[in-house]
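Next comes input-v8.cif, a file with mmCIF, C-alpha atoms.
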```cif
data_my_file
loop_
_atom_site.group_PDB
_atom_site.id
_atom_site.type_symbol
_atom_site.label_atom_id
_atom_site.label_comp_id
_atom_site.auth_asym_id
_atom_site.auth_seq_id
_atom_site.Cartn_x
_atom_site.Cartn_y
_atom_site.Cartn_z
ATOM 1 C CA MET A 1 -9.073 -61.577 1.637
ATOM 2 C CA LEU A 2 -7.138 -58.540 2.832
ATOM 3 C CA ARG A 3 -3.875 -60.500 2.720
ATOM 4 C CA SER A 4 -4.162 -60.802 -1.065
ATOM 5 C CA ARG A 5 -4.268 -57.027 -1.479
ATOM 6 C CA SER A 6 -1.354 -54.628 -1.419
ATOM 7 C CA PRO A 7 -0.416 -52.984 1.937
ATOM 8 C CA TRP A 8 -1.431 -49.586 0.528
ATOM 9 C CA THR A 9 -4.923 -50.840 -0.302
ATOM 10 C CA VAL A 10 -5.321 -52.493 3.098
ATOM 11 C CA ALA A 11 -4.200 -49.305 4.868
ATOM 12 C CA ALA A 12 -6.665 -47.213 2.866
ATOM 13 C CA LEU A 13 -9.544 -49.605 3.557
ATOM 14 C CA LEU A 14 -8.814 -49.770 7.281
ATOM 15 C CA VAL A 15 -8.500 -45.992 7.617
ATOM 16 C CA GLY A 16 -11.724 -45.459 5.688
ATOM 17 C CA ALA A 17 -13.577 -47.988 7.841
ATOM 18 C CA VAL A 18 -12.367 -46.452 11.091
ATOM 19 C CA VAL A 19 -13.283 -42.941 9.956
ATOM 20 C CA MET A 20 -16.748 -44.163 8.959
ATOM 21 C CA VAL A 21 -17.213 -45.715 12.390
ATOM 22 C CA GLN A 22 -16.048 -42.452 13.966
ATOM 23 C CA ALA A 23 -18.528 -40.467 11.910
ATOM 24 C CA LEU A 24 -21.316 -42.687 13.208
ATOM 25 C CA LEU A 25 -20.174 -42.783 16.847
ATOM 26 C CA VAL A 26 -19.662 -39.043 17.352
ATOM 27 C CA PRO A 27 -23.310 -38.071 16.755
ATOM 28 C CA LEU A 28 -24.478 -41.176 18.615
ATOM 29 C CA PHE A 29 -22.656 -40.019 21.740
ATOM 30 C CA ALA A 30 -22.984 -36.243 21.307
ATOM 31 C CA ALA A 31 -26.519 -35.794 19.952
ATOM 32 C CA PRO A 32 -28.416 -37.077 23.012
ATOM 33 C CA ALA A 33 -26.366 -34.862 25.337
ATOM 34 C CA THR A 34 -26.954 -31.743 23.234
ATOM 35 C CA HIS A 35 -30.715 -32.232 22.910
ATOM 36 C CA LEU A 36 -31.691 -32.693 26.545
ATOM 37 C CA ALA A 37 -35.208 -31.410 27.165
ATOM 38 C CA PRO A 38 -38.292 -32.700 28.991
ATOM 39 C CA ARG A 39 -40.424 -35.018 26.896
ATOM 40 C CA ASP A 40 -43.484 -36.302 28.766
ATOM 41 C CA LEU A 41 -41.479 -35.924 31.967
ATOM 42 C CA PRO A 42 -43.566 -37.238 34.895
ATOM 43 C CA VAL A 43 -44.269 -34.463 37.403
ATOM 44 C CA ALA A 44 -46.997 -33.865 39.969
ATOM 45 C CA VAL A 45 -49.034 -30.817 40.835
ATOM 46 C CA ALA A 46 -50.516 -30.856 44.323
ATOM 47 C CA GLY A 47 -52.927 -28.566 46.110
ATOM 48 C CA PRO A 48 -56.496 -27.278 45.939
ATOM 49 C CA PRO A 49 -58.238 -28.184 42.658
ATOM 50 C CA PRO A 50 -58.571 -24.627 41.256
ATOM 51 C CA VAL A 51 -54.883 -23.882 41.850
ATOM 52 C CA VAL A 52 -53.846 -27.278 40.519
ATOM 53 C CA ALA A 53 -55.792 -26.684 37.315
ATOM 54 C CA ASP A 54 -54.154 -23.298 36.843
ATOM 55 C CA LEU A 55 -50.641 -24.661 37.482
ATOM 56 C CA THR A 56 -51.212 -27.577 35.130
ATOM 57 C CA ALA A 57 -52.372 -25.259 32.362
ATOM 58 C CA ARG A 58 -49.353 -22.998 32.849
ATOM 59 C CA LEU A 59 -46.937 -25.938 32.776
ATOM 60 C CA THR A 60 -48.520 -27.291 29.609
ATOM 61 C CA ALA A 61 -48.419 -23.892 27.932
ATOM 62 C CA ALA A 62 -44.841 -23.199 28.979
ATOM 63 C CA ARG A 63 -43.533 -26.404 27.357
ATOM 64 C CA PRO A 64 -46.085 -28.255 25.209
ATOM 65 C CA GLY A 65 -45.464 -31.977 25.351
ATOM 66 C CA GLY A 66 -42.791 -31.538 27.965
ATOM 67 C CA PHE A 67 -44.599 -32.779 31.064
ATOM 68 C CA ALA A 68 -46.891 -35.656 31.951
ATOM 69 C CA VAL A 69 -48.753 -34.115 34.866
ATOM 70 C CA THR A 70 -50.289 -36.092 37.728
ATOM 71 C CA THR A 71 -52.606 -34.172 40.054
ATOM 72 C CA LEU A 72 -52.444 -34.954 43.769
ATOM 73 C CA PRO A 73 -54.336 -33.616 46.781
ATOM 74 C CA ASP A 74 -51.493 -32.403 48.988
ATOM 75 C CA ALA A 75 -47.770 -32.286 49.735
ATOM 76 C CA ALA A 76 -47.764 -35.616 51.579
ATOM 77 C CA ALA A 77 -49.152 -37.420 48.540
ATOM 78 C CA ALA A 78 -46.616 -35.642 46.354
ATOM 79 C CA ASP A 79 -43.735 -36.766 48.567
ATOM 80 C CA ARG A 80 -44.974 -40.367 48.454
ATOM 81 C CA ALA A 81 -45.031 -40.212 44.667
ATOM 82 C CA LEU A 82 -41.446 -38.942 44.680
ATOM 83 C CA ARG A 83 -40.241 -41.726 46.985
ATOM 84 C CA ASP A 84 -42.030 -44.314 44.841
ATOM 85 C CA ARG A 85 -40.319 -42.984 41.692
ATOM 86 C CA GLU A 86 -43.653 -42.162 40.106
ATOM 87 C CA VAL A 87 -42.637 -38.538 39.392
ATOM 88 C CA TYR A 88 -39.402 -36.566 39.252
ATOM 89 C CA ALA A 89 -40.742 -33.475 41.033
ATOM 90 C CA ALA A 90 -43.902 -31.969 42.439
ATOM 91 C CA PHE A 91 -45.181 -28.410 42.286
ATOM 92 C CA VAL A 92 -46.996 -27.936 45.587
ATOM 93 C CA ALA A 93 -49.438 -25.049 45.943
ATOM 94 C CA GLY A 94 -49.813 -23.680 49.452
ATOM 95 C CA PRO A 95 -50.936 -20.541 51.237
ATOM 96 C CA ASP A 96 -47.577 -18.887 50.574
ATOM 97 C CA GLY A 97 -47.469 -19.754 46.883
ATOM 98 C CA VAL A 98 -45.838 -22.543 44.916
ATOM 99 C CA ALA A 99 -43.080 -24.731 46.360
ATOM 100 C CA LEU A 100 -41.068 -27.329 44.498
ATOM 101 C CA HIS A 101 -40.387 -30.797 45.907
ATOM 102 C CA THR A 102 -37.691 -32.705 44.053
ATOM 103 C CA ALA A 103 -35.930 -36.081 43.986
ATOM 104 C CA PRO A 104 -32.381 -35.275 42.764
ATOM 105 C CA ALA A 105 -31.385 -38.901 43.360
ATOM 106 C CA ALA A 106 -33.585 -39.857 40.389
ATOM 107 C CA GLY A 107 -31.700 -37.432 38.146
ATOM 108 C CA PRO A 108 -29.855 -34.284 39.263
ATOM 109 C CA ALA A 109 -30.163 -32.786 35.783
ATOM 110 C CA VAL A 110 -33.951 -33.098 35.989
ATOM 111 C CA ALA A 111 -34.053 -31.454 39.419
ATOM 112 C CA ALA A 112 -32.006 -28.513 38.134
ATOM 113 C CA LEU A 113 -34.198 -28.123 35.049
ATOM 114 C CA LEU A 114 -37.406 -28.189 37.083
ATOM 115 C CA THR A 115 -36.025 -25.718 39.604
ATOM 116 C CA GLU A 116 -35.542 -23.308 36.708
ATOM 117 C CA ALA A 117 -39.046 -24.036 35.431
ATOM 118 C CA ALA A 118 -40.526 -23.343 38.877
ATOM 119 C CA GLY A 119 -38.915 -19.919 38.878
ATOM 120 C CA GLN A 120 -40.668 -19.112 35.616
ATOM 121 C CA LEU A 121 -44.022 -20.097 37.135
ATOM 122 C CA SER A 122 -43.583 -17.662 40.026
ATOM 123 C CA PRO A 123 -41.801 -14.609 38.643
ATOM 124 C CA GLY A 124 -40.729 -12.019 41.170
ATOM 125 C CA ARG A 125 -40.366 -14.408 44.118
ATOM 126 C CA PRO A 126 -37.983 -17.230 44.922
ATOM 127 C CA VAL A 127 -39.523 -20.684 44.865
ATOM 128 C CA PRO A 128 -38.615 -22.746 47.931
ATOM 129 C CA VAL A 129 -37.157 -26.136 46.986
ATOM 130 C CA THR A 130 -37.374 -29.217 49.196
ATOM 131 C CA GLN A 131 -35.217 -32.209 48.308
ATOM 132 C CA VAL A 132 -37.375 -35.164 49.281
ATOM 133 C CA VAL A 133 -34.927 -37.773 47.934
ATOM 134 C CA PRO A 134 -31.500 -36.122 47.723
ATOM 135 C CA THR A 135 -28.342 -37.535 46.249
ATOM 136 C CA ASP A 136 -25.585 -38.718 48.542
ATOM 137 C CA PRO A 137 -23.969 -35.760 50.378
ATOM 138 C CA ASP A 138 -20.590 -36.725 48.911
ATOM 139 C CA ASP A 139 -22.019 -36.536 45.379
ATOM 140 C CA PRO A 140 -24.509 -33.644 45.371
ATOM 141 C CA ARG A 141 -24.558 -33.241 41.571
ATOM 142 C CA GLY A 142 -24.687 -36.945 40.808
ATOM 143 C CA ALA A 143 -21.608 -36.727 38.584
ATOM 144 C CA GLY A 144 -19.781 -39.367 40.587
ATOM 145 C CA PHE A 145 -22.648 -41.842 40.205
ATOM 146 C CA ALA A 146 -22.659 -41.492 36.420
ATOM 147 C CA ALA A 147 -18.869 -41.606 36.118
ATOM 148 C CA GLY A 148 -18.620 -44.551 38.502
ATOM 149 C CA PHE A 149 -21.165 -46.582 36.564
ATOM 150 C CA LEU A 150 -19.240 -46.474 33.278
ATOM 151 C CA PRO A 151 -16.386 -48.761 34.472
ATOM 152 C CA LEU A 152 -18.982 -51.347 35.502
ATOM 153 C CA ALA A 153 -20.159 -51.522 31.895
ATOM 154 C CA LEU A 154 -16.624 -51.654 30.494
ATOM 155 C CA THR A 155 -15.449 -54.388 32.837
ATOM 156 C CA GLY A 156 -18.611 -56.429 32.261
ATOM 157 C CA MET A 157 -18.042 -56.284 28.519
ATOM 158 C CA LEU A 158 -14.363 -57.181 29.017
ATOM 159 C CA ALA A 159 -15.175 -60.131 31.288
ATOM 160 C CA GLY A 160 -17.601 -61.591 28.763
ATOM 161 C CA ALA A 161 -15.110 -61.229 25.912
ATOM 162 C CA LEU A 162 -12.195 -62.754 27.852
ATOM 163 C CA LEU A 163 -14.249 -65.705 29.048
ATOM 164 C CA THR A 164 -15.261 -66.385 25.454
ATOM 165 C CA LEU A 165 -11.787 -66.099 23.996
ATOM 166 C CA LEU A 166 -9.725 -67.777 26.718
ATOM 167 C CA VAL A 167 -12.022 -70.338 28.383
ATOM 168 C CA ALA A 168 -13.039 -73.368 26.335
ATOM 169 C CA GLY A 169 -15.272 -75.353 28.704
ATOM 170 C CA ARG A 170 -18.975 -74.662 28.955
ATOM 171 C CA ARG A 171 -19.107 -75.236 32.704
ATOM 172 C CA ALA A 172 -16.001 -73.161 33.274
ATOM 173 C CA ARG A 173 -17.518 -70.242 31.350
ATOM 174 C CA LEU A 174 -20.744 -70.428 33.315
ATOM 175 C CA ALA A 175 -18.843 -70.601 36.607
ATOM 176 C CA GLY A 176 -16.714 -67.669 35.501
ATOM 177 C CA LEU A 177 -19.770 -65.555 34.657
ATOM 178 C CA ILE A 178 -21.519 -66.276 37.960
ATOM 179 C CA GLY A 179 -18.327 -65.806 39.960
ATOM 180 C CA TYR A 180 -17.659 -62.533 38.177
ATOM 181 C CA ALA A 181 -21.159 -61.258 38.961
ATOM 182 C CA VAL A 182 -20.812 -62.065 42.664
ATOM 183 C CA LEU A 183 -17.362 -60.507 42.960
ATOM 184 C CA ALA A 184 -18.321 -57.479 40.853
ATOM 185 C CA GLY A 185 -21.311 -56.805 43.110
ATOM 186 C CA ALA A 186 -19.173 -57.003 46.258
ATOM 187 C CA ALA A 187 -16.342 -54.917 44.809
ATOM 188 C CA GLY A 188 -18.737 -52.338 43.351
ATOM 189 C CA VAL A 189 -20.408 -51.756 46.714
ATOM 190 C CA ALA A 190 -17.057 -51.641 48.504
ATOM 191 C CA VAL A 191 -15.830 -48.893 46.176
ATOM 192 C CA LEU A 192 -18.972 -46.896 45.316
ATOM 193 C CA HIS A 193 -20.602 -47.086 48.743
ATOM 194 C CA GLY A 194 -17.812 -47.724 51.236
ATOM 195 C CA TRP A 195 -14.839 -45.926 49.727
ATOM 196 C CA LEU A 196 -16.218 -43.110 47.547
ATOM 197 C CA GLY A 197 -19.541 -42.662 49.344
ATOM 198 C CA LEU A 198 -21.571 -42.287 46.139
ATOM 199 C CA LEU A 199 -24.377 -44.627 47.176
ATOM 200 C CA ASP A 200 -26.632 -44.313 50.201
ATOM 201 C CA GLY A 201 -28.809 -47.420 50.391
ATOM 202 C CA ASN A 202 -28.919 -50.972 51.640
ATOM 203 C CA LEU A 203 -25.609 -52.723 50.921
ATOM 204 C CA TRP A 204 -27.172 -56.057 49.955
ATOM 205 C CA ARG A 205 -29.654 -54.424 47.622
ATOM 206 C CA GLU A 206 -26.910 -52.372 45.954
ATOM 207 C CA ALA A 207 -24.642 -55.414 45.614
ATOM 208 C CA GLY A 208 -27.503 -57.359 44.045
ATOM 209 C CA ALA A 209 -28.174 -54.584 41.524
ATOM 210 C CA ILE A 210 -24.509 -54.311 40.516
ATOM 211 C CA GLY A 211 -24.126 -58.082 40.405
ATOM 212 C CA LEU A 212 -27.178 -58.575 38.193
ATOM 213 C CA PHE A 213 -26.064 -55.815 35.838
ATOM 214 C CA SER A 214 -22.581 -57.345 35.658
ATOM 215 C CA LEU A 215 -24.047 -60.767 34.891
ATOM 216 C CA ALA A 216 -26.302 -59.289 32.198
ATOM 217 C CA ALA A 217 -23.490 -57.335 30.518
ATOM 218 C CA ALA A 218 -20.884 -60.096 30.682
ATOM 219 C CA GLY A 219 -23.411 -62.830 29.966
ATOM 220 C CA ILE A 220 -24.806 -61.334 26.769
ATOM 221 C CA VAL A 221 -21.300 -60.697 25.401
ATOM 222 C CA ALA A 222 -20.155 -64.213 26.315
ATOM 223 C CA GLY A 223 -23.352 -65.773 25.005
ATOM 224 C CA LEU A 224 -23.214 -64.033 21.643
ATOM 225 C CA GLY A 225 -19.499 -64.798 21.465
ATOM 226 C CA ALA A 226 -20.112 -68.485 22.150
ATOM 227 C CA LEU A 227 -22.775 -68.574 19.449
ATOM 228 C CA LEU A 228 -21.210 -66.387 16.734
ATOM 229 C CA GLY A 229 -17.537 -66.198 17.637
ATOM 230 C CA ARG A 230 -15.681 -62.886 17.381
ATOM 231 C CA ALA A 231 -18.592 -61.324 15.496
ATOM 232 C CA GLY A 232 -20.800 -62.139 18.472
ATOM 233 C CA ILE A 233 -18.380 -60.396 20.831
ATOM 234 C CA GLY A 234 -18.598 -57.326 18.616
ATOM 235 C CA LEU A 235 -22.396 -57.477 18.633
ATOM 236 C CA GLY A 236 -22.366 -57.770 22.421
ATOM 237 C CA ALA A 237 -20.056 -54.754 22.692
ATOM 238 C CA LEU A 238 -22.462 -52.840 20.460
ATOM 239 C CA LEU A 239 -25.411 -53.607 22.750
ATOM 240 C CA VAL A 240 -23.578 -53.024 26.019
ATOM 241 C CA PHE A 241 -21.450 -50.006 25.233
ATOM 242 C CA LEU A 242 -21.570 -48.459 21.780
ATOM 243 C CA LEU A 243 -25.369 -48.178 21.804
ATOM 244 C CA GLY A 244 -26.112 -48.763 25.467
ATOM 245 C CA ASN A 245 -23.909 -46.064 26.971
ATOM 246 C CA PRO A 246 -25.046 -42.952 25.033
ATOM 247 C CA LEU A 247 -28.702 -43.993 25.285
ATOM 248 C CA SER A 248 -28.539 -44.985 28.962
ATOM 249 C CA ALA A 249 -29.347 -41.531 30.419
ATOM 250 C CA VAL A 250 -27.361 -42.493 33.523
ATOM 251 C CA SER A 251 -26.286 -38.865 33.949
ATOM 252 C CA ALA A 252 -29.715 -37.413 33.097
ATOM 253 C CA ALA A 253 -33.090 -39.141 32.686
ATOM 254 C CA PRO A 254 -34.670 -41.150 29.846
ATOM 255 C CA GLU A 255 -37.412 -38.540 29.467
ATOM 256 C CA LEU A 256 -34.807 -35.881 28.629
ATOM 257 C CA LEU A 257 -33.408 -37.741 25.612
ATOM 258 C CA PRO A 258 -34.881 -37.484 22.118
ATOM 259 C CA GLN A 259 -37.511 -40.170 21.698
ATOM 260 C CA PRO A 260 -37.710 -43.031 21.084
ATOM 261 C CA TRP A 261 -34.048 -43.285 22.098
ATOM 262 C CA GLY A 262 -34.718 -42.602 25.758
ATOM 263 C CA VAL A 263 -37.117 -45.540 25.879
ATOM 264 C CA VAL A 264 -34.831 -47.785 23.820
ATOM 265 C CA GLY A 265 -31.947 -47.093 26.190
ATOM 266 C CA GLN A 266 -33.906 -48.467 29.128
ATOM 267 C CA PHE A 267 -34.164 -51.819 27.362
ATOM 268 C CA LEU A 268 -30.383 -52.049 26.964
ATOM 269 C CA PRO A 269 -28.138 -53.280 29.791
ATOM 270 C CA VAL A 270 -26.503 -49.985 30.791
ATOM 271 C CA GLY A 271 -29.739 -47.991 30.895
ATOM 272 C CA ALA A 272 -31.551 -50.685 32.863
ATOM 273 C CA GLY A 273 -28.549 -51.134 35.164
ATOM 274 C CA GLY A 274 -28.295 -47.437 35.995
ATOM 275 C CA THR A 275 -32.018 -47.218 36.749
ATOM 276 C CA LEU A 276 -31.907 -50.341 38.916
ATOM 277 C CA LEU A 277 -28.927 -49.109 40.923
ATOM 278 C CA ARG A 278 -30.608 -45.734 41.536
ATOM 279 C CA SER A 279 -33.692 -47.529 42.803
ATOM 280 C CA ALA A 280 -31.607 -49.754 45.067
ATOM 281 C CA ALA A 281 -29.382 -46.982 46.399
ATOM 282 C CA PHE A 282 -31.849 -44.148 46.979
ATOM 283 C CA PHE A 283 -35.463 -45.374 46.725
ATOM 284 C CA ASP A 284 -35.508 -48.630 48.748
ATOM 285 C CA GLY A 285 -36.120 -50.559 45.528
ATOM 286 C CA ALA A 286 -39.077 -48.491 44.284
ATOM 287 C CA GLY A 287 -39.354 -48.423 40.498
ATOM 288 C CA ALA A 288 -37.069 -51.442 40.092
ATOM 289 C CA GLY A 289 -39.558 -53.756 38.381
ATOM 290 C CA ARG A 290 -38.865 -53.044 34.715
ATOM 291 C CA PRO A 291 -35.045 -52.728 34.909
ATOM 292 C CA LEU A 292 -34.920 -55.872 37.032
ATOM 293 C CA ALA A 293 -36.862 -57.777 34.376
ATOM 294 C CA VAL A 294 -34.723 -56.378 31.541
ATOM 295 C CA LEU A 295 -31.429 -57.323 33.198
ATOM 296 C CA ALA A 296 -32.701 -60.752 34.213
ATOM 297 C CA ALA A 297 -33.709 -61.382 30.595
ATOM 298 C CA TYR A 298 -30.252 -60.411 29.303
ATOM 299 C CA ALA A 299 -28.584 -62.584 31.937
ATOM 300 C CA LEU A 300 -30.756 -65.619 31.171
ATOM 301 C CA VAL A 301 -30.386 -65.233 27.411
ATOM 302 C CA GLY A 302 -26.637 -64.831 27.778
ATOM 303 C CA LEU A 303 -26.260 -67.913 29.952
ATOM 304 C CA GLY A 304 -28.513 -69.874 27.621
ATOM 305 C CA LEU A 305 -26.448 -68.869 24.598
ATOM 306 C CA VAL A 306 -23.285 -69.986 26.362
ATOM 307 C CA LEU A 307 -24.857 -73.433 26.667
ATOM 308 C CA VAL A 308 -26.229 -73.486 23.117
ATOM 309 C CA GLY A 309 -23.085 -72.017 21.628
ATOM 310 C CA ARG A 310 -20.983 -74.643 23.336
ATOM 311 C CA ARG A 311 -23.149 -77.388 21.908
ATOM 312 C CA PHE A 312 -22.879 -75.873 18.439
ATOM 313 C CA ALA A 313 -19.115 -75.761 18.812
ATOM 314 C CA THR A 314 -19.127 -79.418 19.847
ATOM 315 C CA ASP A 315 -21.417 -80.425 16.995
ATOM 316 C CA ALA A 316 -19.301 -78.481 14.499
ATOM 317 C CA ARG A 317 -16.126 -80.449 15.114
ATOM 318 C CA VAL A 318 -14.404 -81.682 11.969
ATOM 319 C CA PRO A 319 -15.604 -85.240 11.315
ATOM 320 C CA VAL A 320 -13.027 -87.965 11.400
ATOM 321 C CA ALA A 321 -12.697 -89.857 8.112
ATOM 322 C CA PRO A 322 -13.551 -93.579 8.319
ATOM 323 C CA PRO A 323 -10.556 -95.902 8.188
ATOM 324 C CA THR A 324 -9.559 -97.248 4.789
ATOM 325 C CA ARG A 325 -9.701 -100.963 3.931
ATOM 326 C CA ALA A 326 -5.934 -101.192 4.192
ATOM 327 C CA GLU A 327 -6.008 -99.664 7.706
ATOM 328 C CA VAL A 328 -8.715 -102.122 8.755
ATOM 329 C CA THR A 329 -6.687 -105.040 7.425
ATOM 330 C CA VAL A 330 -3.614 -103.979 9.324
#
```
Since I need it in another form, could you write the structure as structure tokens?
Amino acid sequence: MLRSRSPWTVAALLVGAVVMVQALLVPLFAAPATHLAPRDLPVAVAGPPPVVADLTARLTAARPGGFAVTTLPDAAAADRALRDREVYAAFVAGPDGVALHTAPAAGPAVAALLTEAAGQLSPGRPVPVTQVVPTDPDDPRGAGFAAGFLPLALTGMLAGALLTLLVAGRRARLAGLIGYAVLAGAAGVAVLHGWLGLLDGNLWREAGAIGLFSLAAAGIVAGLGALLGRAGIGLGALLVFLLGNPLSAVSAAPELLPQPWGVVGQFLPVGAGGTLLRSAAFFDGAGAGRPLAVLAAYALVGLGLVLVGRRFATDARVPVAPPTRAEVTV
């Protein structure tokens, strides 16, 4: 259709389309980062009941709707909740005042925000902070984790697209996807854990998390591509990167993003993958249930679409015309 138009018209249409896409992508990427604030952020308040009630009321008044408060009896229970990824931080009331227990590995931005909030609860005195689940010592701010996760999403998307465009056989595509997932898990652990020191957990668990994420990202792109062709590859890229990356909260926390986008991001591959890798690397797998299920669903759907798409491609072959009477006679 574009070939029938003049080059000037085609250039104008292409430029207009790209600028429109840019106008949509800029707020999609920038808006979540500029509106970070706690929204039903899970925190705990631990200590004697009268003090807990007072602290809970002050937290609620300081930021209405900002915190989902769980009350616990003591510091030990609060630390268990942190290690189980049930809360991001705990305000612990003791004889010397309020102390803050944090889990920066779950989200360094959240730990910093809650440290500031704790100071407002106890004006005039510093609030002692205990990092119950810290980040890796080589990545104290968690910036390396977030930056290191982005290439995993890009390469997964690229692997799915290349397997769709360059590999014709159904079995070869499936083998390529599974082989890619295994190798991506091993290479990811070798670089992120062994070389850069950004992860601090069990190697097998981390490799499994990276491998499953890689299979989910590559699989959904390849599956949609096998079913819908180049349009399917574009749809897969939209899910994995264009929507998935800005809504993933890999560098923050889902509860800091405007809602419902924080929740939506956790049901996309990048958001689920970042949460699963944090659980594997720093929490001994705690809190991995939902992201594990989300990634497994993407992987299974992607692999299934590769099979179905291949069948459709086979069924859609151009039919061969029956031989004419003259050809039969000869």
Checklist entry - Exactly which residues make up the result of the PyMOL selection byres ((chain A and resi 69) around 12) on this file, given as a PyMOL selection string? => result chain A and resi 39-46+52-53+55-60+63-68+70-72+78+86-91
Please dump the current selection as a compact mmCIF listing (two decimals), keeping the file's coordinate frame; keep C-alpha atoms.
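The result, written out as part15.txt:
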```
# COMPACT_ATOMS: atom_id res chain seq x y z
CA ARG A 39 -40.42 -35.02 26.90
CA ASP A 40 -43.48 -36.30 28.77
CA LEU A 41 -41.48 -35.92 31.97
CA PRO A 42 -43.57 -37.24 34.90
CA VAL A 43 -44.27 -34.46 37.40
CA ALA A 44 -47.00 -33.86 39.97
CA VAL A 45 -49.03 -30.82 40.84
CA ALA A 46 -50.52 -30.86 44.32
CA VAL A 52 -53.85 -27.28 40.52
CA ALA A 53 -55.79 -26.68 37.32
CA LEU A 55 -50.64 -24.66 37.48
CA THR A 56 -51.21 -27.58 35.13
CA ALA A 57 -52.37 -25.26 32.36
CA ARG A 58 -49.35 -23.00 32.85
CA LEU A 59 -46.94 -25.94 32.78
CA THR A 60 -48.52 -27.29 29.61
CA ARG A 63 -43.53 -26.40 27.36
CA PRO A 64 -46.08 -28.26 25.21
CA GLY A 65 -45.46 -31.98 25.35
CA GLY A 66 -42.79 -31.54 27.96
CA PHE A 67 -44.60 -32.78 31.06
CA ALA A 68 -46.89 -35.66 31.95
CA THR A 70 -50.29 -36.09 37.73
CA THR A 71 -52.61 -34.17 40.05
CA LEU A 72 -52.44 -34.95 43.77
CA ALA A 78 -46.62 -35.64 46.35
CA GLU A 86 -43.65 -42.16 40.11
CA VAL A 87 -42.64 -38.54 39.39
CA TYR A 88 -39.40 -36.57 39.25
CA ALA A 89 -40.74 -33.48 41.03
CA ALA A 90 -43.90 -31.97 42.44
CA PHE A 91 -45.18 -28.41 42.29
```
Expand the PyMOL selection byres ((chain A and resi 216-222) around 6) into the individual residues it matches in the shown file, reporting them as a CSV table (one decimal) with C-alpha atoms, keeping the file's coordinate frame.
```
chain,number,residue,atom,x,y,z
A,156,GLY,CA,-18.6,-56.4,32.3
A,157,MET,CA,-18.0,-56.3,28.5
A,159,ALA,CA,-15.2,-60.1,31.3
A,160,GLY,CA,-17.6,-61.6,28.8
A,161,ALA,CA,-15.1,-61.2,25.9
A,164,THR,CA,-15.3,-66.4,25.5
A,213,PHE,CA,-26.1,-55.8,35.8
A,214,SER,CA,-22.6,-57.3,35.7
A,215,LEU,CA,-24.0,-60.8,34.9
A,223,GLY,CA,-23.4,-65.8,25.0
A,224,LEU,CA,-23.2,-64.0,21.6
A,225,GLY,CA,-19.5,-64.8,21.5
A,226,ALA,CA,-20.1,-68.5,22.2
A,233,ILE,CA,-18.4,-60.4,20.8
A,236,GLY,CA,-22.4,-57.8,22.4
A,295,LEU,CA,-31.4,-57.3,33.2
A,298,TYR,CA,-30.3,-60.4,29.3
A,299,ALA,CA,-28.6,-62.6,31.9
A,302,GLY,CA,-26.6,-64.8,27.8
A,303,LEU,CA,-26.3,-67.9,30.0
```
Item to check | For Gly289 (chain A), the nearest of the candidates A:Val10, A:Asp84, A:Gly176, A:Pro254, counting only C-alpha atoms | outcome: A:Asp84
Checklist entry - What separation in Å, quoted to one decimal, exists between CA of Gly144 (chain A) and CA of Asn245 (chain A)? => result 15.7 Å
Put the listed atoms of region 93-105 of chain A in a box along x, y and z with 5 Å added on every side and give me the centre and edge lengths in Å to one decimal, as lines of an AutoDock Vina configuration file.
```
center_x = -41.2
center_y = -28.9
center_z = 47.0
size_x = 29.6
size_y = 30.0
size_z = 18.5
```
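Residues in contact range of Gly262 (chain A), defined as at most 10 Å between only C-alpha atoms, with sequence neighbours fewer than 4 positions away removed, read Pro32, Arg39, Pro246, Leu247, Ser248, Ala249, Ala253, Pro254, Glu255, Leu256, Leu257, Pro258, Gln266, Phe267 and Gly271 of chain A.
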Checklist entry - Got a sec: who's within 8 Å of region 115-118 of chain A, counting all atoms listed in the file, leaving out chain neighbours fewer than 5 positions off, as a PyMOL selection string? => result chain A and resi 91+100+127+129
Okay, now the selection with C-alpha atoms, as a PDB file, in the frame of the given file?
```
ATOM      1  CA  PHE A  91     -45.181 -28.410  42.286  1.00  0.00           C
ATOM      2  CA  LEU A 100     -41.068 -27.329  44.498  1.00  0.00           C
ATOM      3  CA  VAL A 127     -39.523 -20.684  44.865  1.00  0.00           C
ATOM      4  CA  VAL A 129     -37.157 -26.136  46.986  1.00  0.00           C
TER       5      VAL A 129
END
```
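Of the residues listed (A:Gly107, A:Phe241, A:Ala12, A:Leu305), A:Gly107 shows the shortest atom-to-atom separation from Arg85 (chain A); distances use all atoms listed in the file.
Proximity to Gln120 (chain A) was assessed for A:Ala61, A:Val240, A:Leu276, A:Thr34 counting all atoms listed in the file; the smallest distance is recorded for A:Ala61.
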Next on the checklist: Here is a test: counting only C-alpha atoms, which residue of A:Val15, A:Ala75, A:Leu165, A:Asp54 is nearest to Arg230 (chain A)?
Outcome noted: A:Leu165
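Nearest residue to Val301 (chain A) among A:Val270, A:Leu227, A:Val264, A:Leu154 is A:Leu227, counting only C-alpha atoms.
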Item to check | Atomic separation - CA of Ala103 (chain A) relative to CA of Ala297 (chain A), Å | outcome: 28.7 Å
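Proximity ranking of A:His193, A:Thr9, A:Leu268, A:Leu82 relative to Leu243 (chain A) places A:Leu268 first, based on all atoms listed in the file.
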